[in-house]
$ cat upload-v8.txt   # compact mmCIF, C-alpha atoms
# COMPACT_ATOMS: atom_id res chain seq x y z
CA GLY Z 1 -53.28 16.17 -17.62
CA GLN Z 2 -55.39 16.70 -14.56
CA GLN Z 3 -56.98 13.75 -12.78
CA LEU Z 4 -59.65 13.85 -10.16
CA ASN Z 5 -59.07 12.45 -6.68
CA GLN Z 6 -61.48 9.73 -5.63
CA SER Z 7 -61.90 8.44 -2.12
CA PRO Z 8 -61.66 5.78 -0.90
CA GLN Z 9 -59.37 3.98 -3.34
CA SER Z 10 -60.93 0.66 -2.37
CA MET Z 11 -63.48 -0.67 0.05
CA PHE Z 12 -64.71 -4.02 1.29
CA ILE Z 13 -68.28 -4.10 2.50
CA GLN Z 14 -70.85 -6.69 3.45
CA GLU Z 15 -73.93 -7.35 1.37
CA GLY Z 16 -76.76 -5.08 2.46
CA GLU Z 17 -74.55 -2.24 3.63
CA ASP Z 18 -74.71 1.28 2.22
CA VAL Z 19 -71.69 2.66 0.36
CA SER Z 20 -70.43 6.23 0.00
CA MET Z 21 -67.64 7.53 -2.19
CA ASN Z 22 -66.58 10.96 -3.37
CA CYS Z 23 -64.60 12.78 -6.00
CA THR Z 24 -62.79 16.10 -5.59
CA SER Z 25 -61.10 18.53 -7.93
CA SER Z 26 -59.05 21.70 -7.67
CA SER Z 27 -61.00 23.14 -10.62
CA ILE Z 28 -64.65 24.11 -10.96
CA PHE Z 29 -66.66 21.63 -13.01
CA ASN Z 30 -69.96 22.14 -14.83
CA THR Z 31 -70.66 18.45 -15.39
CA TRP Z 32 -70.15 15.38 -13.23
CA LEU Z 33 -70.61 11.82 -14.47
CA TRP Z 34 -70.38 8.53 -12.61
CA TYR Z 35 -69.41 5.27 -14.34
CA LYS Z 36 -69.07 1.63 -13.27
CA GLN Z 37 -66.53 -0.69 -14.84
CA ASP Z 38 -66.59 -4.48 -14.56
CA PRO Z 39 -63.26 -6.32 -15.00
CA GLY Z 40 -62.15 -6.41 -18.63
CA GLU Z 41 -65.10 -4.33 -19.84
CA GLY Z 42 -65.77 -0.73 -20.80
CA PRO Z 43 -67.24 1.72 -18.26
CA VAL Z 44 -71.03 2.04 -18.16
CA LEU Z 45 -72.65 5.39 -17.42
CA LEU Z 46 -74.65 5.38 -14.17
CA ILE Z 47 -75.63 8.98 -13.46
CA ALA Z 48 -75.07 12.41 -15.01
CA LEU Z 49 -75.22 15.70 -13.05
CA TYR Z 50 -75.39 19.18 -14.56
CA LYS Z 51 -76.30 21.65 -11.80
CA ALA Z 52 -74.62 22.54 -8.52
CA GLY Z 53 -76.55 20.97 -5.65
CA GLU Z 54 -78.37 18.57 -7.99
CA LEU Z 55 -79.30 15.21 -6.44
CA THR Z 56 -80.10 12.42 -8.90
CA SER Z 57 -81.06 8.78 -8.31
CA ASN Z 58 -80.87 5.68 -10.47
CA GLY Z 59 -82.37 2.75 -8.59
CA ARG Z 60 -80.24 2.15 -5.48
CA LEU Z 61 -77.68 4.73 -6.63
CA THR Z 62 -77.81 8.39 -5.68
CA ALA Z 63 -75.30 11.03 -6.78
CA GLN Z 64 -74.92 14.68 -5.86
CA PHE Z 65 -73.22 17.62 -7.58
CA GLY Z 66 -71.40 19.49 -4.81
CA ILE Z 67 -72.37 23.09 -4.05
CA THR Z 68 -68.77 24.28 -4.53
CA ARG Z 69 -68.74 22.66 -8.01
CA LYS Z 70 -65.44 21.03 -7.02
CA ASP Z 71 -66.81 17.75 -5.74
CA SER Z 72 -69.38 15.05 -6.27
CA PHE Z 73 -70.67 12.12 -4.21
CA LEU Z 74 -72.07 8.69 -5.04
CA ASN Z 75 -74.06 6.56 -2.63
CA ILE Z 76 -75.17 2.96 -3.12
CA SER Z 77 -77.85 1.67 -0.79
CA ALA Z 78 -78.28 -1.95 0.29
CA SER Z 79 -75.32 -3.26 -1.70
CA ILE Z 80 -75.55 -6.58 -3.54
CA PRO Z 81 -72.79 -8.81 -4.98
CA SER Z 82 -73.23 -7.46 -8.52
CA ASP Z 83 -72.23 -3.99 -7.28
CA VAL Z 84 -68.63 -5.23 -7.32
CA GLY Z 85 -66.47 -3.25 -9.73
CA ILE Z 86 -64.60 0.01 -10.13
CA TYR Z 87 -66.53 3.26 -9.91
CA PHE Z 88 -65.16 6.26 -11.78
CA CYS Z 89 -66.17 9.86 -11.57
CA ALA Z 90 -65.63 12.12 -14.58
CA GLY Z 91 -66.10 15.82 -15.06
CA ARG Z 92 -65.85 18.65 -17.49
CA VAL Z 93 -64.00 21.78 -16.47
CA ARG Z 94 -66.20 24.88 -16.80
CA SER Z 95 -63.51 26.79 -18.68
CA ALA Z 96 -63.15 24.14 -21.39
CA GLY Z 97 -64.93 26.23 -24.03
CA THR Z 98 -66.57 24.04 -26.67
CA ALA Z 99 -64.30 21.06 -26.14
CA SER Z 100 -66.09 17.88 -25.15
CA LYS Z 101 -63.19 16.45 -23.15
CA LEU Z 102 -63.75 14.81 -19.78
CA THR Z 103 -61.31 14.37 -16.88
CA PHE Z 104 -61.53 11.02 -15.10
CA GLY Z 105 -60.96 10.11 -11.49
CA THR Z 106 -58.61 7.40 -10.29
CA GLY Z 107 -61.46 5.05 -9.37
CA THR Z 108 -62.91 3.41 -6.26
CA ARG Z 109 -62.72 -0.38 -6.24
CA LEU Z 110 -65.72 -1.91 -4.47
CA GLN Z 111 -65.81 -5.48 -3.21
CA VAL Z 112 -68.88 -6.95 -1.57
CA THR Z 113 -68.73 -9.94 0.73
CA LEU Z 114 -71.67 -12.16 1.49
CA ASP W 1 -78.95 -2.48 -31.40
CA GLY W 2 -77.06 0.83 -31.25
CA GLY W 3 -73.64 0.80 -29.68
CA ILE W 4 -69.87 0.93 -29.95
CA THR W 5 -67.82 -2.02 -31.10
CA GLN W 6 -64.09 -2.52 -30.67
CA SER W 7 -62.11 -5.28 -32.23
CA PRO W 8 -60.34 -7.43 -31.45
CA LYS W 9 -60.91 -7.98 -27.71
CA TYR W 10 -57.31 -9.19 -27.25
CA LEU W 11 -54.33 -8.29 -29.43
CA PHE W 12 -50.75 -9.47 -29.23
CA ARG W 13 -47.85 -7.87 -31.08
CA LYS W 14 -44.10 -7.97 -31.16
CA GLU W 15 -42.15 -4.92 -30.13
CA GLY W 16 -41.36 -2.63 -33.06
CA GLN W 17 -44.58 -3.36 -34.98
CA ASN W 18 -47.35 -0.85 -35.57
CA VAL W 19 -50.85 -2.06 -34.70
CA THR W 20 -54.27 -0.58 -35.47
CA LEU W 21 -57.24 -0.87 -33.11
CA SER W 22 -60.73 -0.64 -34.56
CA CYS W 23 -63.63 1.41 -33.17
CA GLU W 24 -67.04 1.66 -34.84
CA GLN W 25 -70.24 3.28 -33.58
CA ASN W 26 -73.79 3.35 -34.94
CA LEU W 27 -75.15 5.87 -32.43
CA ASN W 28 -74.88 8.73 -34.94
CA HIS W 29 -72.54 10.53 -32.54
CA ASP W 30 -70.30 13.27 -33.90
CA ALA W 31 -67.57 13.04 -31.26
CA MET W 32 -65.30 10.03 -30.67
CA TYR W 33 -62.47 9.44 -28.22
CA TRP W 34 -59.62 7.06 -27.43
CA TYR W 35 -58.48 6.39 -23.87
CA ARG W 36 -55.73 4.31 -22.36
CA GLN W 37 -56.19 2.53 -19.04
CA ASP W 38 -53.34 1.07 -16.99
CA PRO W 39 -53.80 -1.07 -13.84
CA GLY W 40 -54.86 0.99 -10.85
CA GLN W 41 -55.20 4.16 -12.87
CA GLY W 42 -58.02 6.16 -14.34
CA LEU W 43 -58.62 6.77 -18.01
CA ARG W 44 -56.18 8.98 -19.89
CA LEU W 45 -57.21 10.66 -23.14
CA ILE W 46 -55.09 9.84 -26.20
CA TYR W 47 -56.96 11.55 -29.06
CA TYR W 48 -60.43 12.85 -29.72
CA SER W 49 -62.40 13.93 -32.76
CA GLN W 50 -65.42 16.22 -32.82
CA ILE W 51 -66.06 16.02 -36.56
CA VAL W 52 -65.04 13.98 -39.60
CA ASN W 53 -61.54 14.75 -40.93
CA ASP W 54 -60.59 16.61 -37.74
CA PHE W 55 -59.02 15.39 -34.50
CA GLN W 56 -57.07 16.78 -31.55
CA LYS W 57 -54.36 15.40 -29.29
CA GLY W 58 -55.29 14.45 -25.79
CA ASP W 59 -53.00 14.23 -22.78
CA ILE W 60 -50.86 11.29 -23.94
CA ALA W 61 -50.82 11.40 -27.78
CA GLU W 62 -47.12 10.66 -28.28
CA GLY W 63 -46.59 7.37 -30.11
CA TYR W 64 -50.19 7.17 -31.34
CA SER W 65 -52.00 8.28 -34.50
CA VAL W 66 -55.66 8.38 -35.55
CA SER W 67 -57.84 9.09 -38.56
CA ARG W 68 -61.49 10.07 -38.91
CA GLU W 69 -62.53 9.49 -42.50
CA LYS W 70 -66.08 8.42 -41.62
CA LYS W 71 -68.43 9.53 -38.86
CA GLU W 72 -68.85 5.94 -37.68
CA SER W 73 -65.18 4.99 -37.47
CA PHE W 74 -62.19 6.22 -35.46
CA PRO W 75 -59.24 3.77 -35.71
CA LEU W 76 -56.21 4.15 -33.44
CA THR W 77 -52.70 3.15 -34.52
CA VAL W 78 -50.18 2.34 -31.82
CA THR W 79 -46.81 2.99 -33.41
CA SER W 80 -43.41 1.57 -32.58
CA ALA W 81 -42.58 4.99 -31.09
CA GLN W 82 -44.90 4.33 -28.15
CA LYS W 83 -42.52 3.36 -25.34
CA ASN W 84 -44.96 1.32 -23.24
CA PRO W 85 -47.86 0.21 -25.45
CA THR W 86 -49.19 -2.67 -23.34
CA ALA W 87 -52.50 -1.44 -21.89
CA PHE W 88 -56.29 -1.62 -22.09
CA TYR W 89 -57.60 0.73 -24.81
CA LEU W 90 -61.11 2.15 -24.67
CA CYS W 91 -63.05 3.95 -27.37
CA ALA W 92 -65.99 6.22 -26.58
CA SER W 93 -68.44 8.46 -28.41
CA SER W 94 -70.80 11.30 -27.55
CA ILE W 95 -73.19 13.84 -28.96
CA LEU W 96 -71.31 17.03 -29.79
CA PRO W 97 -72.16 19.54 -27.04
CA GLY W 98 -73.77 22.71 -28.31
CA GLN W 99 -76.11 21.02 -30.79
CA GLY W 100 -79.18 21.82 -28.72
CA THR W 101 -77.79 19.97 -25.73
CA THR W 102 -75.45 20.50 -22.81
CA SER W 103 -74.81 16.77 -22.52
CA TYR W 104 -71.21 15.62 -22.20
CA GLU W 105 -72.11 11.99 -21.63
CA GLN W 106 -69.66 9.61 -23.24
CA TYR W 107 -70.52 6.00 -24.03
CA PHE W 108 -67.80 3.37 -24.11
CA GLY W 109 -67.02 0.28 -26.15
CA PRO W 110 -65.93 -3.02 -24.56
CA GLY W 111 -62.21 -2.25 -24.93
CA THR W 112 -59.18 -3.92 -26.54
CA ARG W 113 -56.39 -5.34 -24.41
CA LEU W 114 -53.09 -4.91 -26.24
CA THR W 115 -50.04 -6.86 -25.17
CA VAL W 116 -46.67 -6.08 -26.75
CA THR W 117 -43.71 -8.38 -26.07

$ encode --input "upload-v8.txt" --output "structure tokens"
Amino acid sequence: GQQLNQSPQSMFIQEGEDVSMNCTSSSIFNTWLWYKQDPGEGPVLLIALYKAGELTSNGRLTAQFGITRKDSFLNISASIPSDVGIYFCAGRVRSAGTASKLTFGTGTRLQVTL
Amino acid sequence: DGGITQSPKYLFRKEGQNVTLSCEQNLNHDAMYWYRQDPGQGLRLIYYSQIVNDFQKGDIAEGYSVSREKKESFPLTVTSAQKNPTAFYLCASSILPGQGTTSYEQYFGPGTRLTVT
């Protein structure tokens, strides 16, 4: 099955810094979702995007649906220690018909130092 | 509170034994999913169900089986045919797209870590 490519795979940042990560696909997507997973827990939905070019915020998090429909971006402003975790993108291929399946990215591991 | 529960949190089995993982949701969602997560990898879809008494194979269904007898429940059985069953298993649910919504948002349970020795 297809998996999305996320970049970077991991990053170490200092508290207060801004963070950027992205997700790319070879297929056109009509939905992009961003999740955060803490160690040993299930992923939690952060942001959902449904239109090309859409920019959506959730507190310090901002995500964008790429114009080409093949990528998406997540930014975290003024990072804090509790931002530590793995961030996953997920998307639905436009040609998937009525199926509700998602394809998940490989994850970006974020570590924040004081 | 509405949500998804998975039990147990940790499960240990001997090689050659079948084991069933529980997943229950009270969100009134029609669709339910099972994913497998291995260290350093994303989530891979095992099985999904969009309606009671119906389910489809995902990308890695070999060695697994499911049932969907009730809307709220979607148990996963890891059979002895699964070559490498040790992993973190995640259950999710969602509204069925097309029922007046274009939402594909899936909501996850806390996961079950299965160790087979």

$ residues_around --input "upload-v8.txt" --residues "segment 68-78 of chain W" --least-positions-apart "5" --cutoff "9 Å" --atoms "all atoms listed in the file" --output "list of chain:residue names"
W:Gln17, W:Asn18, W:Val19, W:Thr20, W:Leu21, W:Ser22, W:Cys23, W:Glu24, W:Gln25, W:Asn26, W:Leu27, W:Asn28, W:His29, W:Asp30, W:Ala31, W:Met32, W:Tyr33, W:Trp34, W:Tyr47, W:Tyr48, W:Ser49, W:Ile51, W:Val52, W:Asn53, W:Asp54, W:Phe55, W:Gly63, W:Pro85, W:Cys91

$ closest_residue --input "upload-v8.txt" --among "Z:Asn22, Z:Thr31, Z:Ser77, Z:Gln64" --to "chain W" --atoms "only C-alpha atoms"
Z:Thr31

$ atom_distance --input "upload-v8.txt" --atom1 "atom CA of Leu102 of chain Z" --atom2 "atom CA of Ser82 of chain Z"
26.7 Å

$ interface_residues --input "upload-v8.txt" --of "chain W" --to "chain Z" --cutoff "7 Å" --atoms "all atoms listed in the file" --output "count of residues only"
12

$ atom_distance --input "upload-v8.txt" --atom1 "atom CA of Cys23 of chain Z" --atom2 "atom CA of Leu74 of chain Z"
8.6 Å

$ atom_distance --input "upload-v8.txt" --atom1 "atom CA of Ser26 of chain Z" --atom2 "atom CA of Ser7 of chain Z"
14.7 Å

$ decode --input "upload-v8.txt" --residues "segment 72-107 of chain Z" --atoms "N, CA and C atoms" --output "mmCIF file, in the first residue's frame"
data_model
loop_
_atom_site.group_PDB
_atom_site.id
_atom_site.type_symbol
_atom_site.label_atom_id
_atom_site.label_comp_id
_atom_site.auth_asym_id
_atom_site.auth_seq_id
_atom_site.Cartn_x
_atom_site.Cartn_y
_atom_site.Cartn_z
ATOM 1 N N SER Z 72 0.977 18.761 1.798
ATOM 2 C CA SER Z 72 0.380 19.507 2.894
ATOM 3 C C SER Z 72 1.492 19.887 3.871
ATOM 4 N N PHE Z 73 1.242 20.975 4.618
ATOM 5 C CA PHE Z 73 2.264 21.508 5.515
ATOM 6 C C PHE Z 73 1.658 21.752 6.890
ATOM 7 N N LEU Z 74 2.474 21.533 7.928
ATOM 8 C CA LEU Z 74 2.055 21.826 9.295
ATOM 9 C C LEU Z 74 3.108 22.698 9.951
ATOM 10 N N ASN Z 75 2.673 23.788 10.550
ATOM 11 C CA ASN Z 75 3.556 24.665 11.289
ATOM 12 C C ASN Z 75 3.110 24.750 12.741
ATOM 13 N N ILE Z 76 4.078 24.757 13.642
ATOM 14 C CA ILE Z 76 3.817 24.939 15.066
ATOM 15 C C ILE Z 76 4.594 26.173 15.492
ATOM 16 N N SER Z 77 3.919 27.132 16.055
ATOM 17 C CA SER Z 77 4.604 28.354 16.478
ATOM 18 C C SER Z 77 4.913 28.288 17.970
ATOM 19 N N ALA Z 78 6.026 28.901 18.331
ATOM 20 C CA ALA Z 78 6.438 29.027 19.737
ATOM 21 C C ALA Z 78 6.311 27.699 20.478
ATOM 22 N N SER Z 79 7.097 26.721 20.060
ATOM 23 C CA SER Z 79 6.970 25.365 20.605
ATOM 24 C C SER Z 79 7.170 25.328 22.120
ATOM 25 N N ILE Z 80 6.477 24.377 22.749
ATOM 26 C CA ILE Z 80 6.573 24.152 24.189
ATOM 27 C C ILE Z 80 6.871 22.672 24.417
ATOM 28 N N PRO Z 81 7.343 22.291 25.595
ATOM 29 C CA PRO Z 81 7.734 20.894 25.838
ATOM 30 C C PRO Z 81 6.647 19.867 25.522
ATOM 31 N N SER Z 82 5.381 20.214 25.740
ATOM 32 C CA SER Z 82 4.311 19.244 25.493
ATOM 33 C C SER Z 82 4.036 19.025 24.002
ATOM 34 N N ASP Z 83 4.729 19.741 23.138
ATOM 35 C CA ASP Z 83 4.611 19.494 21.695
ATOM 36 C C ASP Z 83 5.379 18.251 21.272
ATOM 37 N N VAL Z 84 6.188 17.709 22.180
ATOM 38 C CA VAL Z 84 6.951 16.499 21.886
ATOM 39 C C VAL Z 84 6.018 15.365 21.478
ATOM 40 N N GLY Z 85 6.400 14.646 20.435
ATOM 41 C CA GLY Z 85 5.600 13.509 19.983
ATOM 42 C C GLY Z 85 5.873 13.238 18.520
ATOM 43 N N ILE Z 86 5.057 12.376 17.942
ATOM 44 C CA ILE Z 86 5.177 12.070 16.516
ATOM 45 C C ILE Z 86 3.976 12.659 15.802
ATOM 46 N N TYR Z 87 4.233 13.390 14.737
ATOM 47 C CA TYR Z 87 3.186 14.022 13.957
ATOM 48 C C TYR Z 87 3.008 13.243 12.655
ATOM 49 N N PHE Z 88 1.788 12.830 12.411
ATOM 50 C CA PHE Z 88 1.462 12.079 11.200
ATOM 51 C C PHE Z 88 0.532 12.882 10.307
ATOM 52 N N CYS Z 89 0.812 12.831 9.013
ATOM 53 C CA CYS Z 89 -0.168 13.314 8.061
ATOM 54 C C CYS Z 89 -0.940 12.101 7.546
ATOM 55 N N ALA Z 90 -2.136 12.343 7.062
ATOM 56 C CA ALA Z 90 -2.961 11.285 6.480
ATOM 57 C C ALA Z 90 -3.804 11.909 5.388
ATOM 58 N N GLY Z 91 -4.079 11.145 4.348
ATOM 59 C CA GLY Z 91 -4.857 11.693 3.260
ATOM 60 C C GLY Z 91 -5.724 10.658 2.590
ATOM 61 N N ARG Z 92 -6.683 11.157 1.866
ATOM 62 C CA ARG Z 92 -7.562 10.285 1.099
ATOM 63 C C ARG Z 92 -7.360 10.587 -0.373
ATOM 64 N N VAL Z 93 -7.048 9.531 -1.147
ATOM 65 C CA VAL Z 93 -6.851 9.702 -2.574
ATOM 66 C C VAL Z 93 -8.174 10.056 -3.238
ATOM 67 N N ARG Z 94 -8.134 11.022 -4.154
ATOM 68 C CA ARG Z 94 -9.364 11.517 -4.788
ATOM 69 C C ARG Z 94 -10.106 10.422 -5.539
ATOM 70 N N SER Z 95 -9.377 9.448 -6.062
ATOM 71 C CA SER Z 95 -10.010 8.422 -6.887
ATOM 72 C C SER Z 95 -10.515 7.238 -6.082
ATOM 73 N N ALA Z 96 -10.643 7.405 -4.776
ATOM 74 C CA ALA Z 96 -10.984 6.276 -3.896
ATOM 75 C C ALA Z 96 -12.463 5.933 -3.900
ATOM 76 N N GLY Z 97 -13.270 6.623 -4.713
ATOM 77 C CA GLY Z 97 -14.688 6.297 -4.764
ATOM 78 C C GLY Z 97 -15.361 6.575 -3.443
ATOM 79 N N THR Z 98 -16.143 5.605 -2.940
ATOM 80 C CA THR Z 98 -16.853 5.820 -1.671
ATOM 81 C C THR Z 98 -16.089 5.254 -0.485
ATOM 82 N N ALA Z 99 -14.947 4.660 -0.728
ATOM 83 C CA ALA Z 99 -14.183 4.073 0.373
ATOM 84 C C ALA Z 99 -13.705 5.153 1.328
ATOM 85 N N SER Z 100 -13.704 4.830 2.607
ATOM 86 C CA SER Z 100 -13.300 5.807 3.615
ATOM 87 C C SER Z 100 -11.871 5.584 4.082
ATOM 88 N N LYS Z 101 -11.071 4.885 3.289
ATOM 89 C CA LYS Z 101 -9.701 4.578 3.696
ATOM 90 C C LYS Z 101 -8.817 5.805 3.639
ATOM 91 N N LEU Z 102 -7.881 5.871 4.601
ATOM 92 C CA LEU Z 102 -6.855 6.904 4.622
ATOM 93 C C LEU Z 102 -5.490 6.263 4.379
ATOM 94 N N THR Z 103 -4.567 7.052 3.818
ATOM 95 C CA THR Z 103 -3.166 6.664 3.713
ATOM 96 C C THR Z 103 -2.381 7.524 4.685
ATOM 97 N N PHE Z 104 -1.491 6.893 5.467
ATOM 98 C CA PHE Z 104 -0.760 7.618 6.500
ATOM 99 C C PHE Z 104 0.690 7.838 6.108
ATOM 100 N N GLY Z 105 1.229 8.963 6.564
ATOM 101 C CA GLY Z 105 2.632 9.247 6.379
ATOM 102 C C GLY Z 105 3.493 8.474 7.363
ATOM 103 N N THR Z 106 4.789 8.599 7.177
ATOM 104 C CA THR Z 106 5.752 7.862 8.000
ATOM 105 C C THR Z 106 6.062 8.547 9.324
ATOM 106 N N GLY Z 107 5.594 9.783 9.486
ATOM 107 C CA GLY Z 107 5.724 10.471 10.766
ATOM 108 C C GLY Z 107 6.937 11.370 10.873
#
